[in-house]
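protein26.csv, holding CSV, C-alpha atoms:
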chain,number,residue,atom,x,y,z
A,1,GLU,CA,21.5,-7.9,-2.4
A,2,TYR,CA,19.1,-4.9,-2.7
A,3,SER,CA,15.4,-4.3,-2.5
A,4,THR,CA,12.9,-2.7,-4.8
A,5,ALA,CA,10.0,-0.9,-3.2
A,6,TYR,CA,6.8,-0.6,-5.2
A,7,ALA,CA,4.6,2.4,-4.1
A,8,ASN,CA,1.3,1.9,-5.7
A,9,GLY,CA,-1.0,4.7,-7.0
A,10,TYR,CA,-3.1,2.0,-8.5
A,11,ASN,CA,-3.3,-1.7,-7.8
A,12,TRP,CA,0.1,-3.0,-8.7
A,13,GLY,CA,2.7,-4.8,-6.6
A,14,ALA,CA,3.3,-8.2,-5.2
A,15,ASN,CA,5.7,-9.8,-2.8
A,16,LEU,CA,8.1,-11.2,-5.3
A,17,GLN,CA,11.6,-12.6,-4.7
A,18,ASN,CA,14.4,-13.9,-6.9
A,19,SER,CA,18.1,-14.6,-6.4
A,20,ILE,CA,19.1,-11.0,-7.1
A,21,SER,CA,16.7,-8.9,-5.1
A,22,GLU,CA,13.6,-8.8,-2.9
A,23,LYS,CA,10.6,-6.8,-4.0
A,24,LEU,CA,8.3,-5.2,-1.5
A,25,GLY,CA,4.9,-4.1,-2.7
A,26,ILE,CA,3.2,-1.2,-0.8
A,27,ASP,CA,-0.5,-0.7,-1.2
A,28,LEU,CA,-1.4,2.9,-0.3
A,29,PRO,CA,-4.7,3.6,1.4
A,30,GLU,CA,-7.7,3.1,-0.9
A,31,HIS,CA,-5.7,0.8,-3.1
A,32,GLY,CA,-5.2,-3.0,-3.3
A,33,ASP,CA,-5.9,-4.7,0.1
A,34,ARG,CA,-6.5,-1.3,1.7
A,35,THR,CA,-9.5,-0.2,-0.3
A,36,GLY,CA,-11.5,0.3,2.9
A,37,GLU,CA,-9.1,2.9,4.3
A,38,THR,CA,-9.9,6.5,3.5
A,39,ASP,CA,-7.0,8.6,4.9
A,40,PHE,CA,-5.2,9.1,1.6
A,41,THR,CA,-3.3,12.3,2.6
A,42,PRO,CA,0.4,13.2,2.7
A,43,TRP,CA,0.4,13.4,6.5
A,44,GLN,CA,-0.8,9.8,6.7
A,45,VAL,CA,1.0,8.2,3.7
A,46,VAL,CA,4.4,9.9,3.9
A,47,PRO,CA,5.2,8.7,7.5
A,48,GLU,CA,4.1,5.2,6.4
A,49,LEU,CA,6.5,5.2,3.5
A,50,GLN,CA,9.3,6.6,5.7
A,51,THR,CA,8.8,3.6,8.0
A,52,VAL,CA,9.1,1.3,5.1
A,53,LEU,CA,12.3,3.1,4.0
A,54,ALA,CA,13.8,2.7,7.4
A,55,TYR,CA,13.0,-1.0,7.3
A,56,LEU,CA,14.6,-1.4,3.9
A,57,GLN,CA,17.7,0.5,5.0
A,58,GLN,CA,18.2,-1.8,7.9
A,59,HIS,CA,17.9,-5.0,5.8
A,60,TRP,CA,19.4,-4.3,2.4
A,61,GLN,CA,22.5,-2.6,1.1
A,62,GLY,CA,20.7,-0.9,-1.9
A,63,ILE,CA,17.2,0.3,-2.6
A,64,ARG,CA,15.4,0.9,-5.9
A,65,LEU,CA,11.9,2.4,-6.3
A,66,ARG,CA,9.1,1.8,-8.7
A,67,ALA,CA,6.0,4.0,-8.2
A,68,ASN,CA,2.9,4.8,-10.2
A,69,SER,CA,0.6,7.8,-10.4
A,70,ILE,CA,0.1,9.5,-7.0
A,71,GLY,CA,2.5,6.9,-5.5
A,72,THR,CA,5.3,8.9,-7.2
A,73,TYR,CA,4.3,12.1,-5.4
A,74,PHE,CA,4.2,10.5,-2.0
A,75,SER,CA,7.4,8.6,-2.7
A,76,MET,CA,9.3,11.7,-3.6
A,77,LEU,CA,8.2,13.3,-0.4
A,78,ALA,CA,9.0,10.3,1.8
A,79,PHE,CA,12.3,9.3,0.2
A,80,ALA,CA,13.7,12.8,-0.4
A,81,GLY,CA,17.4,12.8,0.6
A,82,ALA,CA,17.5,9.0,0.9
A,83,THR,CA,20.1,7.0,-1.1
A,84,ILE,CA,18.0,5.4,-3.9
A,85,GLU,CA,19.9,3.7,-6.7
A,86,LYS,CA,17.2,4.2,-9.3
A,87,ALA,CA,13.6,5.0,-9.6
A,88,LEU,CA,11.0,4.0,-12.2
A,89,PHE,CA,8.0,6.3,-12.4
A,90,VAL,CA,4.9,5.4,-14.4
A,91,SER,CA,2.3,8.1,-15.1
A,92,PRO,CA,3.8,10.2,-12.3
A,93,ILE,CA,2.1,13.1,-10.5
A,94,VAL,CA,5.0,15.5,-10.5
A,95,ASP,CA,3.1,18.7,-9.8
A,96,MET,CA,0.4,18.2,-7.2
A,97,GLU,CA,-0.2,21.9,-6.8
A,98,ARG,CA,-1.0,22.3,-10.5
A,99,LEU,CA,-3.3,19.2,-10.4
A,100,ILE,CA,-5.3,20.6,-7.5
A,101,GLU,CA,-5.5,24.1,-9.0
A,102,THR,CA,-6.7,22.5,-12.3
A,103,MET,CA,-9.4,20.6,-10.4
A,104,MET,CA,-10.5,23.8,-8.6
A,105,ALA,CA,-10.7,25.7,-11.9
A,106,GLU,CA,-12.8,22.9,-13.5
A,107,GLU,CA,-15.2,23.1,-10.6
A,108,GLY,CA,-15.3,26.9,-10.4
A,109,ILE,CA,-13.9,26.9,-6.9
A,110,THR,CA,-11.7,29.8,-5.7
A,111,GLU,CA,-9.0,29.7,-3.1
A,112,PRO,CA,-11.0,32.0,-0.7
A,113,GLU,CA,-14.0,29.7,-1.0
A,114,LEU,CA,-11.9,26.5,-0.3
A,115,ARG,CA,-10.2,28.2,2.6
A,116,GLN,CA,-13.5,29.2,4.1
A,117,ARG,CA,-15.2,25.8,3.7
A,118,GLY,CA,-12.2,23.6,4.4
A,119,GLU,CA,-13.3,20.8,2.2
A,120,ILE,CA,-15.4,20.7,-1.0
A,121,LYS,CA,-16.8,17.5,-2.6
A,122,THR,CA,-16.5,17.8,-6.4
A,123,GLU,CA,-18.9,16.5,-9.0
A,124,PHE,CA,-16.3,14.0,-10.2
A,125,GLY,CA,-16.1,12.4,-6.8
A,126,GLU,CA,-12.9,13.9,-5.4
A,127,THR,CA,-12.7,16.0,-2.2
A,128,LEU,CA,-10.7,19.2,-2.4
A,129,SER,CA,-9.1,20.2,0.8
A,130,TRP,CA,-7.6,23.5,1.9
A,131,ARG,CA,-5.3,21.7,4.4
A,132,TYR,CA,-4.1,19.4,1.6
A,133,LEU,CA,-3.3,22.3,-0.7
A,134,GLN,CA,-1.4,24.1,2.0
A,135,ASP,CA,0.5,20.9,2.8
A,136,VAL,CA,1.5,20.6,-0.9
A,137,ARG,CA,2.8,24.2,-1.0
A,138,GLN,CA,4.7,23.8,2.3
A,139,HIS,CA,6.5,20.6,1.1
A,140,PRO,CA,7.9,21.3,-2.4
A,141,ILE,CA,9.4,18.3,-4.3
A,142,ARG,CA,13.2,18.1,-4.3
A,143,TRP,CA,14.2,15.0,-6.2
A,144,GLN,CA,17.8,14.0,-7.1
A,145,VAL,CA,17.5,10.3,-7.7
A,146,PRO,CA,18.4,8.8,-11.1
A,147,THR,CA,14.9,8.3,-12.6
A,148,ALA,CA,13.2,6.9,-15.7
A,149,ILE,CA,9.7,8.0,-16.5
A,150,LEU,CA,7.0,6.4,-18.6
A,151,TYR,CA,4.3,8.8,-19.6
A,152,GLY,CA,1.2,8.4,-21.9
A,153,SER,CA,0.5,11.2,-24.3
A,154,GLY,CA,-3.2,10.9,-23.4
A,155,ASP,CA,-2.7,11.3,-19.7
A,156,ALA,CA,-5.6,13.4,-18.4
A,157,LEU,CA,-4.1,14.3,-15.1
A,158,MET,CA,-0.6,15.6,-15.8
A,159,PRO,CA,0.0,17.8,-18.9
A,160,ARG,CA,2.9,16.6,-21.1
A,161,GLU,CA,4.8,19.9,-20.7
A,162,THR,CA,4.6,19.6,-16.9
A,163,VAL,CA,6.2,16.1,-17.0
A,164,GLU,CA,8.8,17.3,-19.6
A,165,ALA,CA,9.7,20.2,-17.4
A,166,PHE,CA,10.2,17.9,-14.4
A,167,ALA,CA,12.3,15.6,-16.5
A,168,ARG,CA,14.6,18.4,-17.6
A,169,ARG,CA,14.8,19.8,-14.1
A,170,THR,CA,15.7,16.5,-12.5
A,171,GLY,CA,17.7,14.9,-15.3
A,172,ALA,CA,15.1,12.1,-15.6
A,173,ALA,CA,15.0,9.9,-18.7
A,174,LEU,CA,11.5,10.4,-20.2
A,175,THR,CA,9.8,7.9,-22.5
A,176,VAL,CA,6.4,8.9,-24.0
A,177,MET,CA,4.0,6.4,-25.4
A,178,GLU,CA,1.9,8.2,-28.0
A,179,GLY,CA,-1.7,7.3,-27.4
A,180,GLY,CA,-1.0,6.0,-23.9
A,181,GLU,CA,-3.2,6.9,-21.0
A,182,HIS,CA,-2.7,7.6,-17.3
A,183,TRP,CA,-3.7,4.0,-16.5
A,184,PHE,CA,-1.8,1.6,-18.7
A,185,HIS,CA,-4.2,-1.3,-19.2
A,186,THR,CA,-4.8,-2.2,-22.8
A,187,LYS,CA,-2.8,-5.0,-24.4
A,188,ALA,CA,-0.7,-2.6,-26.5
A,189,GLN,CA,-0.1,-0.3,-23.5
A,190,MET,CA,0.9,-3.3,-21.3
A,191,GLN,CA,3.3,-4.5,-23.9
A,192,PHE,CA,4.9,-1.1,-24.2
A,193,LEU,CA,5.1,-0.9,-20.4
A,194,ASP,CA,6.7,-4.3,-20.1
A,195,ALA,CA,9.3,-3.5,-22.7
A,196,TRP,CA,10.1,-0.2,-21.0
A,197,VAL,CA,10.5,-1.9,-17.6
A,198,ARG,CA,12.8,-4.6,-19.1
A,199,ALA,CA,14.9,-1.9,-20.8
A,200,ASN,CA,15.3,-0.1,-17.5
A,201,THR,CA,16.0,-3.2,-15.4
A,202,VAL,CA,18.5,-5.0,-17.6
A,203,ASP,CA,20.6,-5.9,-14.5
A,204,LEU,CA,17.7,-7.7,-12.8
A,205,ALA,CA,16.3,-11.1,-13.3
A,206,GLU,CA,13.1,-11.0,-15.3
A,207,GLU,CA,10.0,-10.6,-13.2
A,208,PRO,CA,6.9,-12.7,-13.7
A,209,ASP,CA,4.0,-10.7,-15.1
A,210,GLU,CA,1.0,-10.9,-12.7
A,211,ARG,CA,-1.0,-8.1,-14.0
A,212,LYS,CA,-4.1,-8.5,-16.1
A,213,GLU,CA,-4.6,-7.0,-19.5
A,214,THR,CA,-7.8,-5.5,-20.8
A,215,ASP,CA,-8.6,-4.6,-24.4

Can you dump the structure from the file as structure tokens?
Amino acid sequence: EYSTAYANGYNWGANLQNSISEKLGIDLPEHGDRTGETDFTPWQVVPELQTVLAYLQQHWQGIRLRANSIGTYFSMLAFAGATIEKALFVSPIVDMERLIETMMAEEGITEPELRQRGEIKTEFGETLSWRYLQDVRQHPIRWQVPTAILYGSGDALMPRETVEAFARRTGAALTVMEGGEHWFHTKAQMQFLDAWVRANTVDLAEEPDERKETD
């Protein structure tokens, strides 16, 4: 038997089990049952995921990963060097430094200003952190796991060329849904997502769909 770890950048994941594998859903801080927690930083989340990884390694022979949005970024940091059979990434954040720099440019914030102030609350509700940016730069992504990626062409967080470059660099299989968004939630998007998951998990028993669709 093997396990599949779900690292959630938005509210997916359930404790599901079938005869083939056990699935462990991990809600990150500010998501799912942990919406009251606010420490959503690499130095908080990555050790948590590494603890989960150690648990999985002790109890199952094989591990697979499914991660979404920022959950992919944290997972790639936490699971780097681990033996993962396969990873499925949906709307992945594959270049956190570029994302932060883009947010800074949109707010007219310079690096010297961010370094001096430490943290700056943006108009769109996010807090930019000098410590966070430095942590990102000090821990570059090194990912060598067989990976399939689902990306929406309308993703407002990660440019298409950035995801395509990551896929080429890592050998990941990239599927693009034209008209898709960062958050797959409409009926058409969910149908596309479900078909993609089935195509990439043909060796697994079919999972029940517990997510809600919105038009």

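Considering the residues A:Val45, A:Ile149, A:Ile84, A:Ala105 and counting all atoms listed in the file, Gln61 of chain A has its shortest atom-to-atom contact with A:Ile84.
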
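We find atom CA of Gln191 of chain A and atom CA of Thr170 of chain A to be spaced 26.9 Å apart.
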
#### Entry: Spatial sel., origin (3.2, -1.6, -22.5), limit 12 Å, all atoms listed in the file, listed as number ranges by chain
A: 90, 150-152, 175-181, 183-199, 209, 211-214

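Separating atom CA of Met96 of chain A from atom CA of Tyr73 of chain A is a distance of 7.5 Å.
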
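All protein, DNA and RNA residues at most 10 Å from (-22.1, 23.8, -5.4) are Glu107, Gly108, Ile109, Ile120, Lys121, Thr122 and Glu123 of chain A, using all atoms listed in the file.
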
### Message
For a test of reading the model, state the distance in Å between atom CA of Pro159 of chain A and atom CA of Leu88 of chain A, rounded to one decimal.
### Response
18.9 Å

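Proximity to Glu85 of chain A was assessed for A:Ser129, A:Thr41, A:Thr147, A:Asn200 counting all atoms listed in the file; the smallest distance is recorded for A:Thr147.
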
#### Entry: Selection: 7 Å around Val136 of chain A, all atoms listed in the file, excl. self and same-chain fewer than 4 positions, as a PyMOL selection string
chain A and resi 96-97+132+140

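Residues within 9 Å of Arg115 of chain A, counting all atoms listed in the file and excluding same-chain residues fewer than 5 positions away, are Thr110, Ser129, Trp130 and Arg131 of chain A.
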
### Query
When distances are computed from all atoms listed in the file, which of A:Ala67, A:Leu128, A:Met158, A:Ala78 shows the smallest separation from Arg142 of chain A?
A:Ala78

### Task
Find the residues near Lys86 of chain A: any atom within 9 Å, counting all atoms listed in the file, skip ones fewer than 2 places away on the same chain, and give them as a list of chain:residue names.
A:Ile63, A:Arg64, A:Leu65, A:Arg66, A:Ile84, A:Leu88, A:Val145, A:Pro146, A:Thr147, A:Ala148

### Task
Considering all atoms listed in the file, return as a VMD selection string whatever protein or nucleic-acid residues lie within 9 Å of Asp95 of chain A, sequence-local ones (same chain, fewer than 4 positions apart) excluded.
chain A and resid 73 99 to 100 141 158 162 to 163 166
